[in-house]
Amino acid sequence: MNEWVGIAASSGYALGTTYVLPSALYDTSRRGLEAHEILAEVGRFEAKVEQSIKDIELLKSDAVADNKVEQAAIFATHLSLLRDPEFVGEVTQRIQDEASNAEAILHEVTEELITLFEAMDNEVLKERCSDLRDVSARIGSYLGGEEERVQTEFPEPVIMIGVDLAPSLTAKLDASQVIGFAIDIGGKTSHSAIIARSLGIPAVVGLKEISFSIQTGDFIIIDGYRGTVIVNPSLEVVEAYRSMKHDEDTRLARFEKYRELPTVTADGILVQLAINIAHPKDTMAVKKVGAEGVGLYRTEFLFMDRKEMPSEEEQYYAYKAAVTAIGEHDSVIIRTLDVGGDKEIPYLQQSKESNPFLGYRAIRMCLSSGNTEMFKMQLRAILRASAHGNVKIMYPMIATLQELRAANQILKEAKAELNALGESYDDTVEVGIMIEVPAAALIADQLSKEVDFFSIGTNDLVQYTMAADRMNEQVAYLTQPLHPAVLRLIDQVIRAAHAQNKWVGMCGEMAGHPVAIPILIGMGLDEFSMSPAALLPARELISKLNRSEMVELVRDVLQMESAEEIETYVKSNVLEFV
């Protein structure tokens with residue numbers, strides 16, 4: 001028995017036999033070309049790139065149809081790579097300049113880019129390495145004459161082991177046949193980790209060379225909580241983990257009784273639990289977990305991975321599909337376009353920025369002179385969808401009153417244009433903003449007079465409050481949602497909104513955090529919007545909390561000095577007793 005330690009990427013336990021993925025190899029040796037062969041070689045390479053694009057477009061559409069939003073987003077990234085002149089264009093140019101075969105040049109360019117990305121202090125670029133490997137392997141296999149052959153059907157469920165887990169492979173897998181992943185590379189935000197969490201499969205990543213040390217058929221245990229993999233464990237260890245897995249399965253089954261129940265505290269205070277979505281098909285999860293609406297509909301995915309902007313009609317039908325799927329009673333909060341930062345859209349001709357998270361993004365982009373018509377088109381589409389259900393509009397990244405007023409002026413113009421056309425819409429549609437910029441939190445008393453609601457986006461609020469890029473692993477220790485400064489801002493926002501009889505929601509990761517929920521209940525948060533997997537555990541926890549007692553808890557934690565002190569206090573004074 002030996003134990004490997006990596007990074008806990010997806011929680012849970014898995015016990016079973018392994019299937020080790022074969023390495024994605026193709027012949028990368030150099031072969032010189034005669035002058036008359038060069039153009040034909042470029043054509044051969046470009047044809048295989050086009051073949052790869054068609055394949056990935058199909059995989060992406062299948063992922064969308066199957067409601068696999070995370071995988072669809074990954075395939076969108078792959079498509080952008082296949083159209084990137086710094087990758088594909090570089091290969092094409094070097095085939096001509098160096099008069100060498102496509103396989104060798106493809107391999108060299110891929111390795112050079114991977115080396116460059118891995119050396120950078122940018123987690124997004126580091127994670128892009130797995131995309132490059134997957135895309136390059138696909139093109140290379142086509143250049144070699146066939147796709148890599150990987151087994152996808154097994155007589156019994158297996159734990160997959162590999163250097164990395166290509167999204168193009170996982171799209172073909174039957175999730176019921178794979179009970180866990182153990183991967184050499186990657187981190188908590190890598191695609192392997194995202195895929196594992198989306199499938200609800202335990203996973204450990206960053207295991208260095210485990211794929212070279214395990215053989216297909218070995219019996220292993222994956223501990224997705226501790227980030228460990230135990231190879232050929234003893235009988236005592238197997239029995240201990242079987243017992244822990246049984247307890248975990250029992251705990252998960254316990255949440256089912258909360259599916260049809262309202263979200264109410266022990267002393268009778270109703271709050272709303274909603275989910276975050278990125279596509280109309282995601283609304284299926286509303287009924288699946290008993291959510292009370294959609295607290296965040298991320299519309300940017302409609303705009304990504306395409307050569308031109310979606311038309312008003314296309315946007316209208318997408319928003320309408322989500323609204324009608326939810327029904328009349330539950331609301332759908334549609335966030336207007338939030339791109340920039342780590343979300344690029346080529347046809348918007350976004351310039352490269354040294355710090356894009358602090359730059360030209362979200363409402364700032366929509367309010368710039370060249371984009372107001374695009375913004376107004378989206379608002380018209382959302383307004384038209386409001387005729388079919390309970391729609392609310394939300395602006396992202398508001399930092400000033402002037403931005404809010406400018407956005408509302410364009411909304412007013414959109415309504416006037418629909419009136420002129422005789423189009424139906426809800427003229428009383430609620431309009432709110434995301435509180436994710438500290439400046440907005442500090443003037444919440446002013447903003448609350450001109451909005452119908454706030455939704456606190458804690459992912460960015462924490463990043464900006466702590467001045468720590470959430471994609472930079474070197475300052476990851478500063479990503480502290482429970483830091484006293486962050487909690488004081490949230491408390492201030494809720495108090496300011498309630499003073500104007502406005503409601504407040506939260507749509508960041510913090511909304512589903514078990515330690516944060518008692519504090520947020522005590523502060524008076526009205527709506528929590530989270531991932532579907534977090535909703536039922538959150539509803540159970542809230543049902544055991546007494547609002548009046550949590551108010552006292554908040555008074556205590558707001559005087560504490562660190563996130564660690566606050567977390568320990570909540571766990572020992574609340575979570576141990578519920």
# chains A, B, ... in the order shown; residues from 1 in each chain; ligands from 1
>>> residues_around(residues="range 274-284 of chain A", least_positions_apart="3", cutoff="7 Å", atoms="only C-alpha atoms", output="compact mmCIF listing (two decimals) with C-alpha atoms, in the first residue's frame")
# COMPACT_ATOMS: atom_id res chain seq x y z
CA ASN A 67 -26.92 20.69 -20.03
CA LYS A 287 -37.09 21.87 -10.40
CA LYS A 288 -34.43 19.21 -9.84
CA ALA A 291 -34.84 26.20 -6.28
CA GLU A 292 -36.98 29.32 -5.97
CA GLY A 293 -35.96 30.93 -9.21
CA VAL A 294 -32.78 32.07 -10.95
CA GLY A 295 -30.67 34.59 -9.08
CA LEU A 296 -28.16 35.07 -11.88
CA TYR A 297 -28.50 34.36 -15.59
CA ARG A 298 -25.05 34.94 -17.10
CA THR A 299 -25.83 36.19 -20.60
CA PHE A 301 -22.19 32.83 -22.94
CA ALA A 318 -32.84 32.47 -25.32
CA ALA A 321 -36.83 30.00 -23.08
CA ALA A 322 -35.39 30.43 -19.59
CA ALA A 325 -39.20 27.18 -18.25
CA ILE A 326 -39.23 28.74 -14.78
CA PHE A 528 -29.11 33.37 -1.79
CA SER A 529 -28.19 32.28 -5.34
CA MET A 530 -25.73 29.42 -5.72
CA SER A 531 -24.78 26.32 -7.68
CA PRO A 532 -27.49 23.62 -7.75
>>> closest_atom_pairs(of="range 239-309 of chain A", to="range 5-28 of chain A", cutoff="10 Å", atoms="only C-alpha atoms", output="Markdown table")
| residue | atom | partner | partner_atom | distance |
| --- | --- | --- | --- | --- |
| A:Tyr241 | CA | A:Tyr13 | CA | 7.5 |
| A:Arg242 | CA | A:Leu15 | CA | 7.8 |
| A:Met244 | CA | A:Tyr13 | CA | 7.9 |
| A:Lys245 | CA | A:Tyr13 | CA | 5.9 |
| A:His246 | CA | A:Tyr13 | CA | 9.6 |
| A:Glu248 | CA | A:Gly12 | CA | 7.8 |
| A:Asp249 | CA | A:Gly12 | CA | 9.4 |
>>> residues_around(residues="Gly389 in chain A", least_positions_apart="4", cutoff="7 Å", atoms="only C-alpha atoms", output="PyMOL selection string")
chain A and resi 323-324+327-328
>>> write_last_selection(atoms="C-alpha atoms", output="PDB file, in the first residue's frame")
ATOM      1  CA  VAL A 323     -38.293  32.546 -18.370  1.00  0.00           C
ATOM      2  CA  THR A 324     -41.019  30.221 -19.636  1.00  0.00           C
ATOM      3  CA  GLY A 327     -42.912  29.717 -14.899  1.00  0.00           C
ATOM      4  CA  GLU A 328     -44.841  32.740 -13.698  1.00  0.00           C
TER       5      GLU A 328
END
>>> select_by_dssp(residues="range 82-305 of chain A", states="helix (DSSP H, G or I)", output="short mmCIF file (atom, residue, chain, number, x, y, z; two decimals) with N, CA and C atoms, in the first residue's frame")
data_model
loop_
_atom_site.label_atom_id
_atom_site.label_comp_id
_atom_site.auth_asym_id
_atom_site.auth_seq_id
_atom_site.Cartn_x
_atom_site.Cartn_y
_atom_site.Cartn_z
N LEU A 82 -8.22 27.12 -31.74
CA LEU A 82 -8.11 26.65 -33.11
C LEU A 82 -8.23 27.79 -34.13
N PRO A 85 -4.41 33.10 -34.14
CA PRO A 85 -3.22 33.24 -35.00
C PRO A 85 -1.91 33.01 -34.25
N GLU A 86 -1.90 33.21 -32.93
CA GLU A 86 -0.68 32.99 -32.16
C GLU A 86 -0.39 31.50 -31.99
N PHE A 87 -1.37 30.67 -32.26
CA PHE A 87 -1.15 29.22 -32.18
C PHE A 87 -1.19 28.62 -33.59
N VAL A 88 -2.36 28.52 -34.16
CA VAL A 88 -2.49 27.92 -35.49
C VAL A 88 -1.73 28.74 -36.53
N GLY A 89 -1.86 30.06 -36.44
CA GLY A 89 -1.17 30.91 -37.41
C GLY A 89 0.34 30.78 -37.32
N GLU A 90 0.85 30.60 -36.11
CA GLU A 90 2.28 30.43 -35.92
C GLU A 90 2.77 29.13 -36.54
N VAL A 91 1.97 28.06 -36.37
CA VAL A 91 2.35 26.77 -36.97
C VAL A 91 2.40 26.90 -38.49
N THR A 92 1.36 27.50 -39.06
CA THR A 92 1.30 27.67 -40.51
C THR A 92 2.51 28.45 -41.03
N GLN A 93 2.83 29.54 -40.35
CA GLN A 93 3.95 30.38 -40.79
C GLN A 93 5.28 29.64 -40.70
N ARG A 94 5.47 28.88 -39.64
CA ARG A 94 6.75 28.19 -39.46
C ARG A 94 6.90 26.98 -40.38
N ILE A 95 5.80 26.36 -40.79
CA ILE A 95 5.90 25.31 -41.80
C ILE A 95 6.52 25.89 -43.07
N GLN A 96 6.09 27.11 -43.41
CA GLN A 96 6.61 27.76 -44.61
C GLN A 96 8.04 28.25 -44.41
N ASP A 97 8.27 28.90 -43.26
CA ASP A 97 9.59 29.49 -43.04
C ASP A 97 10.68 28.44 -42.88
N GLU A 98 10.34 27.32 -42.22
CA GLU A 98 11.35 26.32 -41.89
C GLU A 98 11.30 25.11 -42.82
N ALA A 102 4.30 19.34 -40.74
CA ALA A 102 3.34 19.94 -39.81
C ALA A 102 3.41 19.32 -38.42
N GLU A 103 3.58 17.98 -38.32
CA GLU A 103 3.61 17.33 -37.02
C GLU A 103 4.69 17.90 -36.12
N ALA A 104 5.91 18.04 -36.66
CA ALA A 104 7.03 18.54 -35.87
C ALA A 104 6.81 19.99 -35.45
N ILE A 105 6.36 20.83 -36.37
CA ILE A 105 6.15 22.24 -36.05
C ILE A 105 5.02 22.39 -35.04
N LEU A 106 3.95 21.64 -35.21
CA LEU A 106 2.82 21.68 -34.26
C LEU A 106 3.31 21.35 -32.85
N HIS A 107 4.08 20.29 -32.74
CA HIS A 107 4.58 19.88 -31.43
C HIS A 107 5.48 20.96 -30.82
N GLU A 108 6.36 21.54 -31.62
CA GLU A 108 7.31 22.53 -31.11
C GLU A 108 6.59 23.80 -30.65
N VAL A 109 5.64 24.28 -31.45
CA VAL A 109 4.90 25.49 -31.08
C VAL A 109 4.08 25.25 -29.81
N THR A 110 3.46 24.07 -29.73
CA THR A 110 2.67 23.73 -28.54
C THR A 110 3.55 23.75 -27.30
N GLU A 111 4.69 23.09 -27.35
CA GLU A 111 5.58 23.02 -26.18
C GLU A 111 6.14 24.40 -25.82
N GLU A 112 6.41 25.22 -26.80
CA GLU A 112 6.92 26.56 -26.52
C GLU A 112 5.86 27.40 -25.79
N LEU A 113 4.62 27.31 -26.24
CA LEU A 113 3.54 28.06 -25.60
C LEU A 113 3.28 27.55 -24.19
N ILE A 114 3.31 26.23 -24.02
CA ILE A 114 3.10 25.65 -22.69
C ILE A 114 4.19 26.11 -21.73
N THR A 115 5.43 26.09 -22.19
CA THR A 115 6.54 26.55 -21.36
C THR A 115 6.36 28.02 -20.98
N LEU A 116 5.91 28.82 -21.94
CA LEU A 116 5.69 30.24 -21.69
C LEU A 116 4.58 30.46 -20.67
N PHE A 117 3.45 29.76 -20.84
CA PHE A 117 2.30 29.92 -19.95
C PHE A 117 2.63 29.45 -18.53
N GLU A 118 3.34 28.32 -18.44
CA GLU A 118 3.64 27.77 -17.12
C GLU A 118 4.59 28.66 -16.33
N GLU A 123 -2.91 32.26 -13.33
CA GLU A 123 -3.51 30.93 -13.23
C GLU A 123 -4.34 30.59 -14.47
N VAL A 124 -4.98 31.60 -15.08
CA VAL A 124 -5.79 31.34 -16.28
C VAL A 124 -4.91 30.81 -17.40
N LEU A 125 -3.74 31.45 -17.61
CA LEU A 125 -2.84 31.00 -18.67
C LEU A 125 -2.26 29.64 -18.36
N LYS A 126 -1.98 29.38 -17.09
CA LYS A 126 -1.46 28.06 -16.72
C LYS A 126 -2.48 26.97 -17.04
N GLU A 127 -3.74 27.25 -16.73
CA GLU A 127 -4.78 26.26 -17.01
C GLU A 127 -5.01 26.10 -18.52
N ARG A 128 -4.64 27.12 -19.29
CA ARG A 128 -4.77 27.03 -20.75
C ARG A 128 -3.86 25.94 -21.32
N CYS A 129 -2.86 25.51 -20.55
CA CYS A 129 -1.94 24.47 -21.03
C CYS A 129 -2.67 23.18 -21.35
N SER A 130 -3.64 22.79 -20.52
CA SER A 130 -4.37 21.55 -20.78
C SER A 130 -5.20 21.66 -22.06
N ASP A 131 -5.71 22.86 -22.34
CA ASP A 131 -6.44 23.08 -23.59
C ASP A 131 -5.51 22.91 -24.79
N LEU A 132 -4.32 23.49 -24.67
CA LEU A 132 -3.34 23.38 -25.76
C LEU A 132 -2.97 21.92 -26.01
N ARG A 133 -2.73 21.18 -24.94
CA ARG A 133 -2.37 19.77 -25.12
C ARG A 133 -3.48 19.00 -25.82
N ASP A 134 -4.72 19.24 -25.39
CA ASP A 134 -5.85 18.51 -25.96
C ASP A 134 -6.03 18.85 -27.44
N VAL A 135 -6.03 20.14 -27.75
CA VAL A 135 -6.22 20.59 -29.13
C VAL A 135 -5.08 20.10 -30.02
N SER A 136 -3.84 20.23 -29.52
CA SER A 136 -2.68 19.80 -30.29
C SER A 136 -2.71 18.30 -30.55
N ALA A 137 -3.08 17.52 -29.53
CA ALA A 137 -3.15 16.07 -29.70
C ALA A 137 -4.20 15.67 -30.73
N ARG A 138 -5.30 16.40 -30.76
CA ARG A 138 -6.36 16.11 -31.74
C ARG A 138 -5.86 16.37 -33.16
N ILE A 139 -5.26 17.54 -33.37
CA ILE A 139 -4.75 17.85 -34.71
C ILE A 139 -3.66 16.86 -35.10
N GLY A 140 -2.75 16.57 -34.15
CA GLY A 140 -1.65 15.65 -34.43
C GLY A 140 -2.11 14.26 -34.79
N SER A 141 -3.16 13.79 -34.09
CA SER A 141 -3.67 12.45 -34.40
C SER A 141 -4.27 12.41 -35.80
N TYR A 142 -4.90 13.50 -36.21
CA TYR A 142 -5.45 13.56 -37.56
C TYR A 142 -4.33 13.60 -38.59
N LEU A 143 -3.29 14.37 -38.28
CA LEU A 143 -2.16 14.42 -39.20
C LEU A 143 -1.51 13.05 -39.35
N PRO A 167 -11.08 17.33 -22.16
CA PRO A 167 -12.53 17.52 -22.27
C PRO A 167 -13.14 16.76 -23.43
N SER A 168 -12.39 16.66 -24.54
CA SER A 168 -12.92 15.94 -25.70
C SER A 168 -13.10 14.46 -25.40
N LEU A 169 -12.34 13.94 -24.42
CA LEU A 169 -12.53 12.55 -24.01
C LEU A 169 -13.72 12.43 -23.07
N THR A 170 -13.81 13.30 -22.09
CA THR A 170 -14.90 13.19 -21.12
C THR A 170 -16.26 13.37 -21.76
N ALA A 175 -20.93 8.77 -17.76
CA ALA A 175 -20.56 9.13 -16.39
C ALA A 175 -20.81 7.99 -15.41
N SER A 176 -21.77 7.13 -15.71
CA SER A 176 -22.06 6.02 -14.80
C SER A 176 -20.94 4.99 -14.80
N GLN A 177 -20.04 5.06 -15.78
CA GLN A 177 -18.95 4.10 -15.86
C GLN A 177 -17.64 4.62 -15.26
N HIS A 191 -9.51 22.32 -15.80
CA HIS A 191 -10.68 21.75 -16.45
C HIS A 191 -11.02 20.36 -15.93
N SER A 192 -10.01 19.58 -15.58
CA SER A 192 -10.27 18.27 -15.01
C SER A 192 -11.09 18.41 -13.72
N ALA A 193 -10.72 19.40 -12.91
CA ALA A 193 -11.44 19.63 -11.65
C ALA A 193 -12.86 20.11 -11.91
N ILE A 194 -13.01 21.02 -12.86
CA ILE A 194 -14.35 21.53 -13.20
C ILE A 194 -15.25 20.42 -13.70
N ILE A 195 -14.71 19.58 -14.58
CA ILE A 195 -15.50 18.48 -15.13
C ILE A 195 -15.91 17.51 -14.03
N ALA A 196 -14.95 17.17 -13.14
CA ALA A 196 -15.27 16.25 -12.05
C ALA A 196 -16.38 16.79 -11.17
N ARG A 197 -16.30 18.07 -10.83
CA ARG A 197 -17.35 18.66 -9.99
C ARG A 197 -18.69 18.71 -10.70
N SER A 198 -18.67 19.00 -12.00
CA SER A 198 -19.93 19.06 -12.75
C SER A 198 -20.60 17.70 -12.83
N LEU A 199 -19.79 16.64 -12.85
CA LEU A 199 -20.32 15.28 -12.91
C LEU A 199 -20.58 14.70 -11.53
N ILE A 210 1.64 10.06 -11.07
CA ILE A 210 0.88 8.87 -10.69
C ILE A 210 0.51 8.03 -11.91
N SER A 211 0.34 8.68 -13.06
CA SER A 211 -0.06 7.93 -14.26
C SER A 211 1.02 6.98 -14.74
N PHE A 212 2.27 7.25 -14.34
CA PHE A 212 3.38 6.38 -14.74
C PHE A 212 3.66 5.29 -13.70
N LEU A 235 -6.88 -4.29 3.70
CA LEU A 235 -8.29 -4.61 3.92
C LEU A 235 -8.89 -3.67 4.97
N GLU A 236 -8.11 -3.34 6.02
CA GLU A 236 -8.61 -2.45 7.07
C GLU A 236 -8.92 -1.06 6.51
N VAL A 237 -8.02 -0.56 5.64
CA VAL A 237 -8.25 0.76 5.05
C VAL A 237 -9.46 0.74 4.13
N VAL A 238 -9.60 -0.33 3.35
CA VAL A 238 -10.76 -0.45 2.46
C VAL A 238 -12.06 -0.42 3.26
N GLU A 239 -12.12 -1.17 4.34
CA GLU A 239 -13.34 -1.21 5.16
C GLU A 239 -13.63 0.14 5.78
N ALA A 240 -12.58 0.85 6.22
CA ALA A 240 -12.77 2.17 6.81
C ALA A 240 -13.35 3.14 5.79
N TYR A 241 -12.85 3.10 4.56
CA TYR A 241 -13.35 4.01 3.53
C TYR A 241 -14.74 3.60 3.04
N ARG A 242 -15.03 2.33 3.02
CA ARG A 242 -16.39 1.91 2.66
C ARG A 242 -17.40 2.44 3.68
N SER A 243 -17.01 2.43 4.94
CA SER A 243 -17.87 2.97 5.99
C SER A 243 -18.07 4.47 5.81
N MET A 244 -16.97 5.21 5.49
CA MET A 244 -17.08 6.66 5.28
C MET A 244 -17.94 6.97 4.06
N LYS A 245 -17.81 6.16 3.01
CA LYS A 245 -18.62 6.37 1.81
C LYS A 245 -20.09 6.12 2.10
N HIS A 246 -20.39 5.10 2.90
CA HIS A 246 -21.77 4.81 3.28
C HIS A 246 -22.36 5.99 4.06
N ASP A 247 -21.58 6.54 4.99
CA ASP A 247 -22.05 7.69 5.77
C ASP A 247 -22.30 8.89 4.86
N GLU A 248 -21.41 9.08 3.87
CA GLU A 248 -21.58 10.19 2.94
C GLU A 248 -22.85 10.01 2.10
N ASP A 249 -23.08 8.82 1.60
CA ASP A 249 -24.27 8.54 0.80
C ASP A 249 -25.55 8.78 1.61
N THR A 250 -25.50 8.39 2.89
CA THR A 250 -26.65 8.60 3.78
C THR A 250 -26.91 10.09 3.98
N ARG A 251 -25.82 10.84 4.16
CA ARG A 251 -25.95 12.28 4.35
C ARG A 251 -26.56 12.96 3.13
N LEU A 252 -26.11 12.57 1.95
CA LEU A 252 -26.64 13.17 0.71
C LEU A 252 -28.12 12.82 0.52
N ALA A 253 -28.49 11.60 0.87
CA ALA A 253 -29.89 11.19 0.73
C ALA A 253 -30.79 11.98 1.67
N ARG A 254 -30.23 12.41 2.81
CA ARG A 254 -31.01 13.16 3.80
C ARG A 254 -31.54 14.48 3.25
N PHE A 255 -30.81 15.06 2.31
CA PHE A 255 -31.21 16.36 1.78
C PHE A 255 -32.46 16.28 0.91
N GLU A 256 -32.79 15.10 0.41
CA GLU A 256 -33.89 14.97 -0.53
C GLU A 256 -35.22 15.48 0.04
N LYS A 257 -35.41 15.32 1.34
CA LYS A 257 -36.69 15.73 1.93
C LYS A 257 -36.89 17.25 1.89
N TYR A 258 -35.80 17.99 1.63
CA TYR A 258 -35.91 19.44 1.58
C TYR A 258 -36.23 19.97 0.18
N PRO A 280 -30.33 28.61 -21.10
CA PRO A 280 -31.72 28.25 -20.80
C PRO A 280 -31.91 26.82 -20.32
N LYS A 281 -31.10 25.90 -20.83
CA LYS A 281 -31.25 24.50 -20.43
C LYS A 281 -30.91 24.28 -18.96
N ASP A 282 -30.12 25.20 -18.40
CA ASP A 282 -29.76 25.08 -16.98
C ASP A 282 -30.97 25.20 -16.07
N THR A 283 -32.05 25.77 -16.59
CA THR A 283 -33.24 25.95 -15.76
C THR A 283 -33.84 24.62 -15.31
N MET A 284 -33.47 23.52 -15.96
CA MET A 284 -33.96 22.21 -15.52
C MET A 284 -33.57 21.94 -14.08
N ALA A 285 -32.45 22.51 -13.66
CA ALA A 285 -31.97 22.29 -12.30
C ALA A 285 -32.85 22.97 -11.27
N VAL A 286 -33.65 23.97 -11.67
CA VAL A 286 -34.53 24.66 -10.73
C VAL A 286 -35.49 23.66 -10.09
N LYS A 287 -36.15 22.87 -10.93
CA LYS A 287 -37.09 21.87 -10.40
C LYS A 287 -36.34 20.70 -9.77
N LYS A 288 -35.18 20.36 -10.33
CA LYS A 288 -34.43 19.21 -9.84
C LYS A 288 -34.03 19.38 -8.38
N VAL A 289 -33.65 20.60 -7.98
CA VAL A 289 -33.22 20.81 -6.60
C VAL A 289 -34.21 21.65 -5.80
N GLU A 300 -23.40 36.34 -20.94
CA GLU A 300 -22.22 36.46 -21.80
C GLU A 300 -21.96 35.22 -22.64
N PHE A 301 -22.45 34.04 -22.18
CA PHE A 301 -22.19 32.83 -22.94
C PHE A 301 -22.92 32.84 -24.29
N LEU A 302 -23.94 33.66 -24.42
CA LEU A 302 -24.60 33.83 -25.71
C LEU A 302 -23.69 34.54 -26.71
N PHE A 303 -22.79 35.35 -26.18
CA PHE A 303 -21.94 36.19 -27.01
C PHE A 303 -20.60 35.55 -27.33
#
